[in-house]
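Undergrad: Input file: start_6.txt. Contents: compact mmCIF, C-alpha atoms.
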# COMPACT_ATOMS: atom_id res chain seq x y z
CA MET Q 1188 16.39 38.48 65.08
CA ILE Q 1189 12.66 38.44 64.30
CA LYS Q 1190 12.47 42.17 65.00
CA ASN Q 1191 15.33 42.82 62.55
CA GLN Q 1192 13.61 40.68 59.93
CA LYS Q 1193 10.37 42.64 60.35
CA TYR Q 1194 12.28 45.91 60.06
CA ALA Q 1195 14.03 44.73 56.89
CA ALA Q 1196 10.71 43.55 55.42
CA SER Q 1197 9.12 46.91 56.26
CA ALA Q 1198 12.02 48.81 54.70
CA ARG Q 1199 11.75 46.68 51.56
CA SER Q 1200 8.02 47.36 51.37
CA ILE Q 1201 8.56 51.11 51.68
CA LEU Q 1202 11.27 51.05 49.02
CA GLU Q 1203 9.00 48.91 46.81
CA VAL Q 1204 6.21 51.49 47.17
CA PHE Q 1205 8.58 54.36 46.44
CA LEU Q 1206 10.00 52.79 43.28
CA ALA Q 1207 6.57 51.77 41.98
CA PHE Q 1208 5.17 55.28 42.38
CA LEU Q 1209 8.36 56.90 41.10
CA LYS Q 1210 7.88 55.08 37.80
CA LEU Q 1211 4.31 56.37 37.66
CA GLY Q 1212 5.46 59.86 38.59
CA PHE Q 1213 7.62 59.93 35.44
CA THR Q 1214 5.16 58.25 33.08
CA SER Q 1215 1.58 59.08 34.15
CA PHE Q 1216 0.53 61.63 31.55
CA GLY Q 1217 -3.09 62.53 30.92
CA GLY Q 1218 -4.44 64.01 34.14
CA PRO Q 1219 -6.22 62.60 37.20
CA ILE Q 1220 -8.74 60.39 35.39
CA ALA Q 1221 -5.96 58.77 33.38
CA HIS Q 1222 -3.96 58.26 36.60
CA LEU Q 1223 -6.71 56.02 37.97
CA GLY Q 1224 -6.26 53.73 34.97
CA TYR Q 1225 -2.49 53.67 35.46
CA PHE Q 1226 -2.96 52.79 39.14
CA ARG Q 1227 -5.35 49.93 38.45
CA ALA Q 1228 -3.07 48.46 35.80
CA GLU Q 1229 -0.03 48.71 38.11
CA PHE Q 1230 -1.45 47.71 41.50
CA VAL Q 1231 -4.41 45.45 40.68
CA GLU Q 1232 -3.37 43.73 37.45
CA ARG Q 1233 0.43 43.77 37.56
CA ARG Q 1234 1.53 43.80 41.22
CA ARG Q 1235 -1.72 42.44 42.74
CA TRP Q 1236 -1.40 44.58 45.86
CA LEU Q 1237 -5.19 45.04 45.76
CA ASN Q 1238 -8.14 43.21 44.26
CA ASP Q 1239 -10.79 44.97 42.21
CA SER Q 1240 -13.15 45.27 45.17
CA GLN Q 1241 -10.52 46.90 47.38
CA PHE Q 1242 -9.45 49.23 44.59
CA GLY Q 1243 -13.09 50.19 44.01
CA HIS Q 1244 -13.60 51.03 47.68
CA LEU Q 1245 -10.51 53.24 47.78
CA LEU Q 1246 -11.49 54.93 44.54
CA ALA Q 1247 -14.99 55.68 45.85
CA ILE Q 1248 -13.60 57.22 49.05
CA CYS Q 1249 -11.18 59.45 47.14
CA GLN Q 1250 -13.84 60.52 44.62
CA PHE Q 1251 -16.25 61.52 47.39
CA LEU Q 1252 -13.76 63.65 49.34
CA PRO Q 1253 -12.27 67.04 48.46
CA GLY Q 1254 -8.67 66.96 47.34
CA PRO Q 1255 -6.59 65.41 44.54
CA ALA Q 1256 -8.34 62.08 43.97
CA SER Q 1257 -5.47 60.32 42.21
CA SER Q 1258 -2.90 61.42 44.80
CA GLN Q 1259 -5.25 60.45 47.65
CA LEU Q 1260 -5.67 57.06 46.02
CA GLY Q 1261 -1.90 56.66 45.68
CA PHE Q 1262 -1.37 57.74 49.31
CA SER Q 1263 -4.00 55.21 50.45
CA ILE Q 1264 -2.41 52.38 48.46
CA GLY Q 1265 0.99 53.19 49.96
CA LEU Q 1266 -0.55 53.43 53.44
CA LEU Q 1267 -2.22 50.03 53.19
CA ARG Q 1268 0.86 48.43 51.65
CA ALA Q 1269 3.60 49.74 53.98
CA GLY Q 1270 2.06 51.87 56.72
CA TRP Q 1271 2.46 55.60 57.22
CA LEU Q 1272 5.94 55.71 55.70
CA GLY Q 1273 4.54 53.85 52.70
CA GLY Q 1274 1.88 56.54 52.25
CA LEU Q 1275 4.56 59.23 52.47
CA ALA Q 1276 6.78 57.35 50.01
CA ALA Q 1277 3.90 57.07 47.53
CA PHE Q 1278 3.20 60.81 47.77
CA LEU Q 1279 6.83 61.89 47.37
CA ALA Q 1280 7.62 59.51 44.51
CA PHE Q 1281 4.48 60.33 42.52
CA THR Q 1282 4.68 64.10 43.07
CA LEU Q 1283 8.34 65.13 43.08
CA PRO Q 1284 9.06 64.63 39.34
CA SER Q 1285 6.29 67.01 38.27
CA ALA Q 1286 6.98 69.44 41.12
CA ILE Q 1287 10.67 69.70 40.21
CA LEU Q 1288 9.86 70.24 36.53
CA LEU Q 1289 7.36 72.99 37.34
CA VAL Q 1290 9.70 74.77 39.76
CA GLY Q 1291 12.32 74.67 37.01
CA PHE Q 1292 9.81 76.21 34.61
CA GLY Q 1293 9.11 78.94 37.17
CA ALA Q 1294 12.82 79.71 37.43
CA ALA Q 1295 13.11 79.91 33.63
CA LEU Q 1296 10.01 82.07 33.20
CA PRO Q 1297 11.89 85.43 33.51
CA LEU Q 1298 14.14 84.31 30.64
CA LEU Q 1299 11.10 84.09 28.35
CA SER Q 1300 10.91 87.85 27.90
CA GLY Q 1301 11.63 88.05 24.15
CA ALA Q 1302 9.03 87.78 21.41
CA VAL Q 1303 9.40 84.01 21.10
CA GLY Q 1304 9.36 83.54 24.86
CA GLN Q 1305 6.23 85.64 25.26
CA ALA Q 1306 4.53 83.76 22.43
CA THR Q 1307 5.45 80.47 24.12
CA VAL Q 1308 3.92 81.62 27.39
CA HIS Q 1309 0.82 82.81 25.53
CA GLY Q 1310 0.52 79.40 23.87
CA LEU Q 1311 0.48 77.81 27.30
CA LYS Q 1312 -2.43 80.08 28.25
CA ILE Q 1313 -4.34 78.80 25.21
CA VAL Q 1314 -3.63 75.24 26.39
CA ALA Q 1315 -5.47 76.06 29.60
CA CYS Q 1316 -8.56 77.09 27.60
CA ALA Q 1317 -8.76 73.78 25.74
CA VAL Q 1318 -7.94 71.57 28.73
CA VAL Q 1319 -10.42 73.21 31.10
CA ALA Q 1320 -13.16 73.18 28.42
CA ASP Q 1321 -12.57 69.43 27.95
CA ALA Q 1322 -12.64 68.87 31.72
CA LEU Q 1323 -15.84 70.90 32.00
CA LEU Q 1324 -17.53 68.84 29.27
CA GLY Q 1325 -16.55 65.53 30.85
CA MET Q 1326 -17.47 66.57 34.38
CA SER Q 1327 -20.83 68.00 33.35
CA LYS Q 1328 -21.82 64.66 31.77
CA LYS Q 1329 -20.76 62.69 34.82
CA LEU Q 1330 -21.77 65.01 37.66
CA CYS Q 1331 -24.85 66.72 36.20
CA PRO Q 1332 -26.90 63.97 34.54
CA ASP Q 1333 -30.33 65.34 35.56
CA THR Q 1334 -32.24 68.62 35.72
CA PRO Q 1335 -31.76 69.35 39.46
CA ARG Q 1336 -27.99 69.02 39.26
CA GLN Q 1337 -27.83 70.96 36.00
CA THR Q 1338 -29.80 73.72 37.72
CA ILE Q 1339 -27.39 73.75 40.67
CA ALA Q 1340 -24.44 73.99 38.26
CA ILE Q 1341 -25.94 76.85 36.24
CA LEU Q 1342 -26.93 78.88 39.31
CA SER Q 1343 -23.51 78.27 40.89
CA ALA Q 1344 -21.72 79.52 37.77
CA ALA Q 1345 -23.95 82.61 37.60
CA ALA Q 1346 -23.38 83.43 41.26
CA LEU Q 1347 -19.61 83.04 40.98
CA LEU Q 1348 -19.40 85.15 37.82
CA ILE Q 1349 -21.29 87.96 39.56
CA LEU Q 1350 -19.68 87.76 43.01
CA GLY Q 1351 -16.32 86.09 42.30
CA SER Q 1352 -14.81 85.92 45.79
CA ALA Q 1353 -13.54 83.19 48.10
CA ILE Q 1354 -16.46 83.81 50.46
CA ALA Q 1355 -18.88 83.43 47.56
CA GLN Q 1356 -17.26 80.12 46.64
CA LEU Q 1357 -17.71 78.81 50.19
CA ALA Q 1358 -21.32 79.99 50.24
CA VAL Q 1359 -22.06 78.33 46.90
CA VAL Q 1360 -20.58 75.02 48.10
CA ALA Q 1361 -22.61 75.16 51.31
CA LEU Q 1362 -25.85 76.02 49.51
CA ALA Q 1363 -25.25 73.30 46.92
CA ALA Q 1364 -24.77 70.71 49.68
CA THR Q 1365 -28.05 71.83 51.29
CA ALA Q 1366 -29.85 71.75 47.94
CA GLY Q 1367 -28.51 68.27 47.31
CA ILE Q 1368 -29.91 66.98 50.60
CA PHE Q 1369 -33.42 68.26 49.84
CA LEU Q 1370 -33.62 67.96 46.05
CA LEU Q 1371 -31.61 64.92 45.06
CA HIS Q 1372 -32.18 61.21 45.47
CA SER Q 1373 -29.10 59.17 46.24
CA ASP Q 1374 -28.22 56.48 43.75
CA ILE Q 1375 -25.66 54.87 46.02
CA THR Q 1376 -26.01 51.11 45.84
CA ALA Q 1377 -24.96 48.61 48.40
CA ASN Q 1378 -21.47 47.23 48.04
CA GLU Q 1379 -19.95 44.18 49.54
CA LYS Q 1380 -18.24 44.72 52.87
CA SER Q 1381 -14.83 46.25 52.52
CA ASP Q 1382 -11.89 44.10 53.53
CA LEU Q 1383 -9.36 46.90 53.40
CA PRO Q 1384 -6.45 46.22 55.81
CA ILE Q 1385 -6.68 49.62 57.53
CA PRO Q 1386 -3.79 49.84 60.06
CA PHE Q 1387 -5.66 52.05 62.59
CA GLY Q 1388 -9.09 52.47 64.13
CA VAL Q 1389 -11.88 55.00 64.32
CA ARG Q 1390 -10.28 56.90 67.21
CA THR Q 1391 -7.21 57.67 65.10
CA GLY Q 1392 -9.46 58.50 62.16
CA GLY Q 1393 -11.39 60.95 64.33
CA ILE Q 1394 -8.14 62.66 65.32
CA PHE Q 1395 -7.23 63.21 61.67
CA ILE Q 1396 -10.66 64.64 60.85
CA ALA Q 1397 -10.42 66.96 63.86
CA LEU Q 1398 -6.95 68.04 62.75
CA PHE Q 1399 -8.26 68.75 59.24
CA VAL Q 1400 -11.05 70.97 60.60
CA GLY Q 1401 -8.81 72.58 63.20
CA LEU Q 1402 -6.21 73.68 60.66
CA LEU Q 1403 -8.94 75.00 58.37
CA VAL Q 1404 -10.25 77.18 61.23
CA VAL Q 1405 -7.00 78.15 62.94
CA LEU Q 1406 -4.68 78.88 60.01
CA PRO Q 1407 -6.65 81.95 58.74
CA THR Q 1408 -6.45 83.49 62.22
CA LEU Q 1409 -2.72 82.81 62.56
CA ALA Q 1410 -2.00 84.13 59.05
CA THR Q 1411 -3.89 87.42 59.45
CA GLY Q 1412 -1.47 90.32 59.29
CA GLU Q 1413 1.51 88.02 58.96
CA SER Q 1414 4.09 87.78 56.18
CA GLY Q 1415 6.33 84.97 55.04
CA LEU Q 1416 5.36 81.31 54.86
CA LEU Q 1417 2.30 81.28 57.14
CA PRO Q 1418 -0.05 83.11 54.72
CA VAL Q 1419 1.19 80.83 51.94
CA ALA Q 1420 0.45 77.76 54.05
CA GLU Q 1421 -3.04 79.07 54.85
CA ALA Q 1422 -3.91 79.94 51.24
CA PHE Q 1423 -2.86 76.58 49.82
CA TYR Q 1424 -4.35 74.57 52.70
CA ARG Q 1425 -7.70 76.32 52.17
CA ALA Q 1426 -7.59 75.63 48.42
CA GLY Q 1427 -6.69 71.97 48.95
CA ALA Q 1428 -9.43 71.56 51.56
CA LEU Q 1429 -12.22 72.95 49.39
CA VAL Q 1430 -11.51 71.36 46.01
CA PHE Q 1431 -14.19 68.85 45.03
CA GLY Q 1432 -13.87 67.29 41.63
CA GLY Q 1433 -10.17 66.98 40.85
CA GLY Q 1434 -7.17 68.98 39.73
CA HIS Q 1435 -8.79 71.36 37.24
CA VAL Q 1436 -11.23 72.66 39.84
CA VAL Q 1437 -8.39 74.00 41.96
CA LEU Q 1438 -7.83 76.66 39.32
CA PRO Q 1439 -10.39 79.25 40.51
CA LEU Q 1440 -9.56 78.71 44.18
CA LEU Q 1441 -5.85 79.22 43.61
CA GLN Q 1442 -6.51 82.11 41.24
CA ASP Q 1443 -8.44 83.90 43.97
CA SER Q 1444 -5.71 83.15 46.54
CA VAL Q 1445 -2.57 84.06 44.61
CA VAL Q 1446 -3.63 86.33 41.74
CA SER Q 1447 -6.22 88.49 43.47
CA SER Q 1448 -3.78 88.98 46.35
CA GLY Q 1449 -1.07 90.19 43.96
CA TRP Q 1450 1.33 87.36 44.75
CA VAL Q 1451 1.33 86.07 41.15
CA SER Q 1452 0.41 87.87 37.92
CA PRO Q 1453 -2.43 86.47 35.78
CA GLY Q 1454 0.04 85.73 32.98
CA GLU Q 1455 2.39 83.79 35.26
CA PHE Q 1456 -0.56 81.89 36.70
CA LEU Q 1457 -1.95 80.68 33.36
CA ALA Q 1458 1.51 80.03 31.91
CA GLY Q 1459 2.25 77.69 34.78
CA TYR Q 1460 -1.13 76.02 34.46
CA GLY Q 1461 -0.50 75.44 30.78
CA ALA Q 1462 2.96 74.03 31.50
CA SER Q 1463 1.44 71.62 34.02
CA GLN Q 1464 -0.49 69.99 31.14
CA ALA Q 1465 2.77 68.94 29.47
CA ILE Q 1466 4.19 66.89 32.33
CA PRO Q 1467 3.23 63.66 34.11
CA GLY Q 1468 2.04 63.41 37.68
CA PRO Q 1469 -0.64 65.17 39.74
CA MET Q 1470 -2.21 68.48 38.72
CA PHE Q 1471 -1.82 69.75 42.30
CA ALA Q 1472 1.95 69.91 41.73
CA PHE Q 1473 1.03 73.23 40.09
CA SER Q 1474 1.16 74.56 43.67
CA ALA Q 1475 4.95 74.09 43.74
CA TYR Q 1476 5.27 76.30 40.65
CA LEU Q 1477 3.07 78.98 42.22
CA GLY Q 1478 5.08 78.88 45.42
CA SER Q 1479 8.31 79.35 43.49
CA VAL Q 1480 7.07 82.51 41.69
CA ILE Q 1481 5.18 84.14 44.59
CA LEU Q 1482 6.30 87.69 45.29
CA PRO Q 1483 7.77 88.66 47.64
CA ALA Q 1484 9.51 85.36 48.38
CA SER Q 1485 13.12 85.47 49.61
CA THR Q 1486 13.37 81.67 49.56
CA PRO Q 1487 11.55 80.38 46.46
CA LEU Q 1488 12.36 76.71 47.06
CA LEU Q 1489 11.13 76.81 50.66
CA THR Q 1490 7.99 78.67 49.59
CA ALA Q 1491 7.42 76.11 46.84
CA ALA Q 1492 7.81 73.24 49.32
CA THR Q 1493 5.39 74.93 51.75
CA ALA Q 1494 2.80 75.48 49.04
CA LEU Q 1495 3.14 71.90 47.80
CA CYS Q 1496 2.87 70.27 51.24
CA PHE Q 1497 -0.08 72.35 52.44
CA MET Q 1498 -1.88 71.86 49.13
CA PHE Q 1499 -1.87 68.08 49.58
CA LEU Q 1500 -2.12 67.93 53.39
CA PRO Q 1501 -5.90 68.43 53.80
CA GLY Q 1502 -6.75 65.73 51.28
CA PHE Q 1503 -4.45 63.23 52.99
CA LEU Q 1504 -5.79 64.09 56.46
CA LEU Q 1505 -9.35 63.57 55.22
CA VAL Q 1506 -8.78 60.28 53.45
CA ALA Q 1507 -6.86 58.90 56.44
CA GLY Q 1508 -9.63 60.10 58.75
CA VAL Q 1509 -12.48 58.68 56.69
CA LEU Q 1510 -11.00 55.24 55.98
CA PRO Q 1511 -12.15 53.67 59.29
CA PHE Q 1512 -15.63 55.22 58.94
CA TRP Q 1513 -16.05 54.29 55.29
CA GLN Q 1514 -18.86 51.77 55.51
CA ALA Q 1515 -21.23 54.05 57.42
CA LEU Q 1516 -20.43 57.08 55.25
CA PHE Q 1517 -20.83 55.22 51.99
CA HIS Q 1518 -24.28 53.86 52.85
CA ASN Q 1519 -25.59 57.18 54.23
CA SER Q 1520 -27.97 58.59 51.62
CA THR Q 1521 -27.95 62.10 53.13
CA ALA Q 1522 -24.17 62.33 52.80
CA GLY Q 1523 -24.40 61.01 49.25
CA ASN Q 1524 -26.99 63.62 48.29
CA ALA Q 1525 -24.94 66.46 49.80
CA ILE Q 1526 -21.85 65.31 47.90
CA ALA Q 1527 -23.85 65.09 44.66
CA GLY Q 1528 -24.99 68.70 45.17
CA ILE Q 1529 -21.44 69.84 45.84
CA ASN Q 1530 -20.19 68.05 42.73
CA ALA Q 1531 -22.81 69.85 40.64
CA ALA Q 1532 -21.66 73.18 42.08
CA VAL Q 1533 -18.10 72.20 41.16
CA VAL Q 1534 -19.17 72.02 37.52
CA GLY Q 1535 -20.56 75.56 37.79
CA LEU Q 1536 -17.41 76.75 39.52
CA LEU Q 1537 -15.27 75.35 36.72
CA GLY Q 1538 -17.55 76.89 34.09
CA ALA Q 1539 -17.17 80.32 35.67
CA ALA Q 1540 -13.39 79.86 35.75
CA LEU Q 1541 -13.36 78.91 32.06
CA TYR Q 1542 -14.59 82.40 31.27
CA ASP Q 1543 -12.66 84.35 33.93
CA PRO Q 1544 -9.69 84.19 34.13
CA ILE Q 1545 -8.98 81.56 31.46
CA PHE Q 1546 -10.78 82.85 28.37
CA THR Q 1547 -10.41 86.55 29.21
CA THR Q 1548 -6.64 86.18 29.68
CA GLY Q 1549 -5.76 83.50 27.15
CA ILE Q 1550 -7.83 84.46 24.09
CA SER Q 1551 -6.99 87.87 22.64
CA SER Q 1552 -7.65 87.38 18.89
CA PRO Q 1553 -9.57 85.21 16.39
CA VAL Q 1554 -6.33 83.31 15.75
CA ASP Q 1555 -6.07 82.44 19.45
CA LEU Q 1556 -9.66 81.19 19.40
CA ALA Q 1557 -8.98 79.07 16.32
CA ILE Q 1558 -5.91 77.52 17.97
CA ALA Q 1559 -7.94 76.78 21.10
CA LEU Q 1560 -10.77 75.19 19.10
CA VAL Q 1561 -8.37 72.86 17.29
CA ALA Q 1562 -6.74 72.00 20.62
CA PHE Q 1563 -10.17 71.22 22.06
CA GLY Q 1564 -10.86 68.98 19.06
CA LEU Q 1565 -7.56 67.17 19.59
CA LEU Q 1566 -8.60 66.40 23.17
CA VAL Q 1567 -12.27 65.58 22.60
CA ALA Q 1568 -12.45 64.05 19.13
CA TRP Q 1569 -9.03 62.48 18.69
CA ARG Q 1570 -8.09 61.97 22.34
CA VAL Q 1571 -4.43 62.71 21.82
CA SER Q 1572 -1.92 63.15 24.62
CA PRO Q 1573 -2.04 66.53 26.41
CA LEU Q 1574 1.64 66.89 25.46
CA VAL Q 1575 0.61 67.00 21.77
CA VAL Q 1576 -1.96 69.68 22.62
CA VAL Q 1577 0.72 71.73 24.38
CA LEU Q 1578 3.04 71.46 21.37
CA TRP Q 1579 0.22 72.48 19.01
CA CYS Q 1580 -0.76 75.56 21.03
CA VAL Q 1581 2.82 76.71 21.51
CA ALA Q 1582 3.63 76.16 17.82
CA GLY Q 1583 0.46 77.99 16.77
CA SER Q 1584 1.42 80.93 18.94
CA VAL Q 1585 5.12 81.03 17.98
CA LEU Q 1586 5.02 80.30 14.20
CA PRO Q 1587 3.38 83.63 13.19
CA ILE Q 1588 6.44 85.43 14.55
CA TRP Q 1589 8.71 83.55 12.15
CA VAL Q 1590 6.44 83.61 9.10
Let me see the structure of the file written as structure tokens.

TA:
Amino acid sequence: MIKNQKYAASARSILEVFLAFLKLGFTSFGGPIAHLGYFRAEFVERRRWLNDSQFGHLLAICQFLPGPASSQLGFSIGLLRAGWLGGLAAFLAFTLPSAILLVGFGAALPLLSGAVGQATVHGLKIVACAVVADALLGMSKKLCPDTPRQTIAILSAAALLILGSAIAQLAVVALAATAGIFLLHSDITANEKSDLPIPFGVRTGGIFIALFVGLLVVLPTLATGESGLLPVAEAFYRAGALVFGGGHVVLPLLQDSVVSSGWVSPGEFLAGYGASQAIPGPMFAFSAYLGSVILPASTPLLTAATALCFMFLPGFLLVAGVLPFWQALFHNSTAGNAIAGINAAVVGLLGAALYDPIFTTGISSPVDLAIALVAFGLLVAWRVSPLVVVLWCVAGSVLPIWV
């Protein structure tokens, strides 16, 4: 009887997690930073699943690790609330609404072949210019507050603009981490001891970290010379494993993986990225769209699901692995300095991506530049919803056809 009661309570907790995150999946507009505000309001203030201290610890872990910070935070909240199935429920509920919308957009993209359709797609490319410029401005203020980190960012951008390959990106990240260790001084301050109810120990955490590293090493070997889903899994796992700094930073990594390889055209890539600004939920759901339009793909839905799962998998493996080790990692100044160096390089990486492919593909006339500047003003000066920015850019691109 007691066992059945525990099972029913567990099932209720999982359903409670799923419904809470499903609501957020349909309503959380504004990108990853805005998502953190939604989460605090829902789970600290309204539901009281966490206190401010616990929420702060989880947020710090997710900010320090590569991957989608808001989705990692949601996964962690679900994990602590209802175990592993709770973490899975949080991920699915928060991600599926945006993923389904983007896959639908990918299916409709071939229908946008007329003048109005092409102008609509071009407007979405202009959206990407404004959104990434806004993200770059905000991240540079937060992650590059001093001369050493500004220098790392500038040199990283210059190197990536000149070299522009996946290997160069890895080298820049590694060099930035090394520079951070030797040049930066950690400003990590002592926090009160975490009282997070982590449902597993350091041995399990070590297994997840080993699995994260093992997949990062093994998948490229298994995917070499192969076709089908395995190369897709490898490309998206690598991108998800190397993204420091949030959803917008995944842009250059995915661009190198799917555009340079010929899987997706530059126009399709930026159109999908622009469309992702108009919907709620995590930015990494963009991977489902890319999976659905990859060529050749005989099963678009299966390819989309593979891309989506392997995009999020490394971030979830890392956050689950690090949770039991959090106290030691957080108070280690060397780790903090390396992360600060990597974050500065992320700003440079995003700056390089703002020029190529975003600006070079999305801005083709003075009118396009004017539309993008107004869109940037809407985001920075007036702080309107990204949906309004999308409507403005699409309208600015389509209206000249009718006038």

Undergrad: Restricting the calculation to all atoms listed in the file: of Q:Ala1295, Q:Ala1355, Q:Leu1482, Q:Leu1440, which residue gets closest to Ser1414 (chain Q)?

TA: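 Using all atoms listed in the file, Ser1414 (chain Q) sits closest to Q:Leu1482.
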
Undergrad: Of the residues Q:Ala1472, Q:Met1326, Q:Ser1479, Q:Ile1339, which is the one nearest to Val1360 (chain Q), using only C-alpha atoms?

TA: Q:Ile1339

Undergrad: Can you work out which one of Q:Ala1358, Q:Leu1510, Q:Val1303, Q:Ala1475 has the shortest atom-to-atom distance to Leu1245 (chain Q), counting all atoms listed in the file?

TA: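 Among Q:Ala1358, Q:Leu1510, Q:Val1303, Q:Ala1475, it is Q:Leu1510 that comes nearest to Leu1245 (chain Q).
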
Undergrad: Which of these residues is nearest to Gln1442 (chain Q), using all atoms listed in the file: Q:Val1290, Q:Ile1545, Q:Ala1322, Q:Ile1394?

TA: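 With all atoms listed in the file as the atom set, the closest residue is Q:Ile1545.
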
Undergrad: Between Q:Ile1368, Q:Ala1317, Q:Ala1228, Q:Leu1289, which has the minimum distance to Ser1474 (chain Q) (counting only C-alpha atoms)?

TA: Q:Leu1289

Undergrad: Taking all atoms listed in the file into account, which of Q:Leu1311, Q:Leu1488, Q:Leu1438, Q:Leu1477 comes nearest Ala1559 (chain Q)?

TA: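 The shortest atom-to-atom distance to Ala1559 (chain Q) comes from Q:Leu1311.
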
Undergrad: By how many Å are CA of Ala1531 (chain Q) and CA of Gly1478 (chain Q) apart?

TA: 29.7 Å

Undergrad: With 10 Å as the threshold, what does the neighbourhood of (-1.7, 60.9, 33.6) contain in terms of residues, counting all atoms listed in the file? Coordinates are those of the file; answer as a PDB file with C-alpha atoms, in the coordinates of the input.

TA:
ATOM      1  CA  LEU Q1211       4.310  56.370  37.660  1.00  0.00           C
ATOM      2  CA  GLY Q1212       5.460  59.860  38.590  1.00  0.00           C
ATOM      3  CA  PHE Q1213       7.620  59.930  35.440  1.00  0.00           C
ATOM      4  CA  THR Q1214       5.160  58.250  33.080  1.00  0.00           C
ATOM      5  CA  SER Q1215       1.580  59.080  34.150  1.00  0.00           C
ATOM      6  CA  PHE Q1216       0.530  61.630  31.550  1.00  0.00           C
ATOM      7  CA  GLY Q1217      -3.090  62.530  30.920  1.00  0.00           C
ATOM      8  CA  GLY Q1218      -4.440  64.010  34.140  1.00  0.00           C
ATOM      9  CA  PRO Q1219      -6.220  62.600  37.200  1.00  0.00           C
ATOM     10  CA  ILE Q1220      -8.740  60.390  35.390  1.00  0.00           C
ATOM     11  CA  ALA Q1221      -5.960  58.770  33.380  1.00  0.00           C
ATOM     12  CA  HIS Q1222      -3.960  58.260  36.600  1.00  0.00           C
ATOM     13  CA  LEU Q1223      -6.710  56.020  37.970  1.00  0.00           C
ATOM     14  CA  GLY Q1224      -6.260  53.730  34.970  1.00  0.00           C
ATOM     15  CA  TYR Q1225      -2.490  53.670  35.460  1.00  0.00           C
ATOM     16  CA  PHE Q1226      -2.960  52.790  39.140  1.00  0.00           C
ATOM     17  CA  SER Q1257      -5.470  60.320  42.210  1.00  0.00           C
ATOM     18  CA  GLN Q1464      -0.490  69.990  31.140  1.00  0.00           C
ATOM     19  CA  ILE Q1466       4.190  66.890  32.330  1.00  0.00           C
ATOM     20  CA  PRO Q1467       3.230  63.660  34.110  1.00  0.00           C
ATOM     21  CA  GLY Q1468       2.040  63.410  37.680  1.00  0.00           C
ATOM     22  CA  PRO Q1469      -0.640  65.170  39.740  1.00  0.00           C
ATOM     23  CA  MET Q1470      -2.210  68.480  38.720  1.00  0.00           C
ATOM     24  CA  SER Q1572      -1.920  63.150  24.620  1.00  0.00           C
ATOM     25  CA  PRO Q1573      -2.040  66.530  26.410  1.00  0.00           C
TER      26      PRO Q1573
END

Undergrad: Rounded to one decimal, what separation in Å do you get between CA of Ala1306 (chain Q) and CA of Val1581 (chain Q)?

TA: 7.3 Å

Undergrad: Report the distance between CA of Val1446 (chain Q) and CA of Leu1357 (chain Q) in Å, rounded to one decimal place.

TA: 18.1 Å

Undergrad: Using only C-alpha atoms, what does the table of region 1352-1460 of chain Q residues within 9 Å of region 1258-1269 of chain Q look like, with each row giving the shortest atom pair and its distance in Å to one decimal, sorted by chain and ascending number, as a Markdown table?

TA:
| residue | atom | partner | partner_atom | distance |
| --- | --- | --- | --- | --- |
| Q:Leu1383 | CA | Q:Leu1267 | CA | 7.8 |
| Q:Pro1384 | CA | Q:Leu1267 | CA | 6.3 |
| Q:Ile1385 | CA | Q:Leu1267 | CA | 6.2 |
| Q:Pro1386 | CA | Q:Leu1267 | CA | 7.0 |

Undergrad: Mind writing the picked residues with C-alpha atoms as a PDB file, keeping the file's coordinate frame?

TA:
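See out15.pdb below for the written result:
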ATOM      1  CA  LEU Q1383      -9.360  46.900  53.400  1.00  0.00           C
ATOM      2  CA  PRO Q1384      -6.450  46.220  55.810  1.00  0.00           C
ATOM      3  CA  ILE Q1385      -6.680  49.620  57.530  1.00  0.00           C
ATOM      4  CA  PRO Q1386      -3.790  49.840  60.060  1.00  0.00           C
TER       5      PRO Q1386
END

Undergrad: Starting from the point (-5.7, 82.7, 22.1), work out which residues of protein, DNA or RNA have an atom no more than 9 Å away when counting all atoms listed in the file; state them as an MDAnalysis selection string.

TA: chainID Q and resid 1309:1310 1312:1314 1316 1546 1548:1559 1580 1584
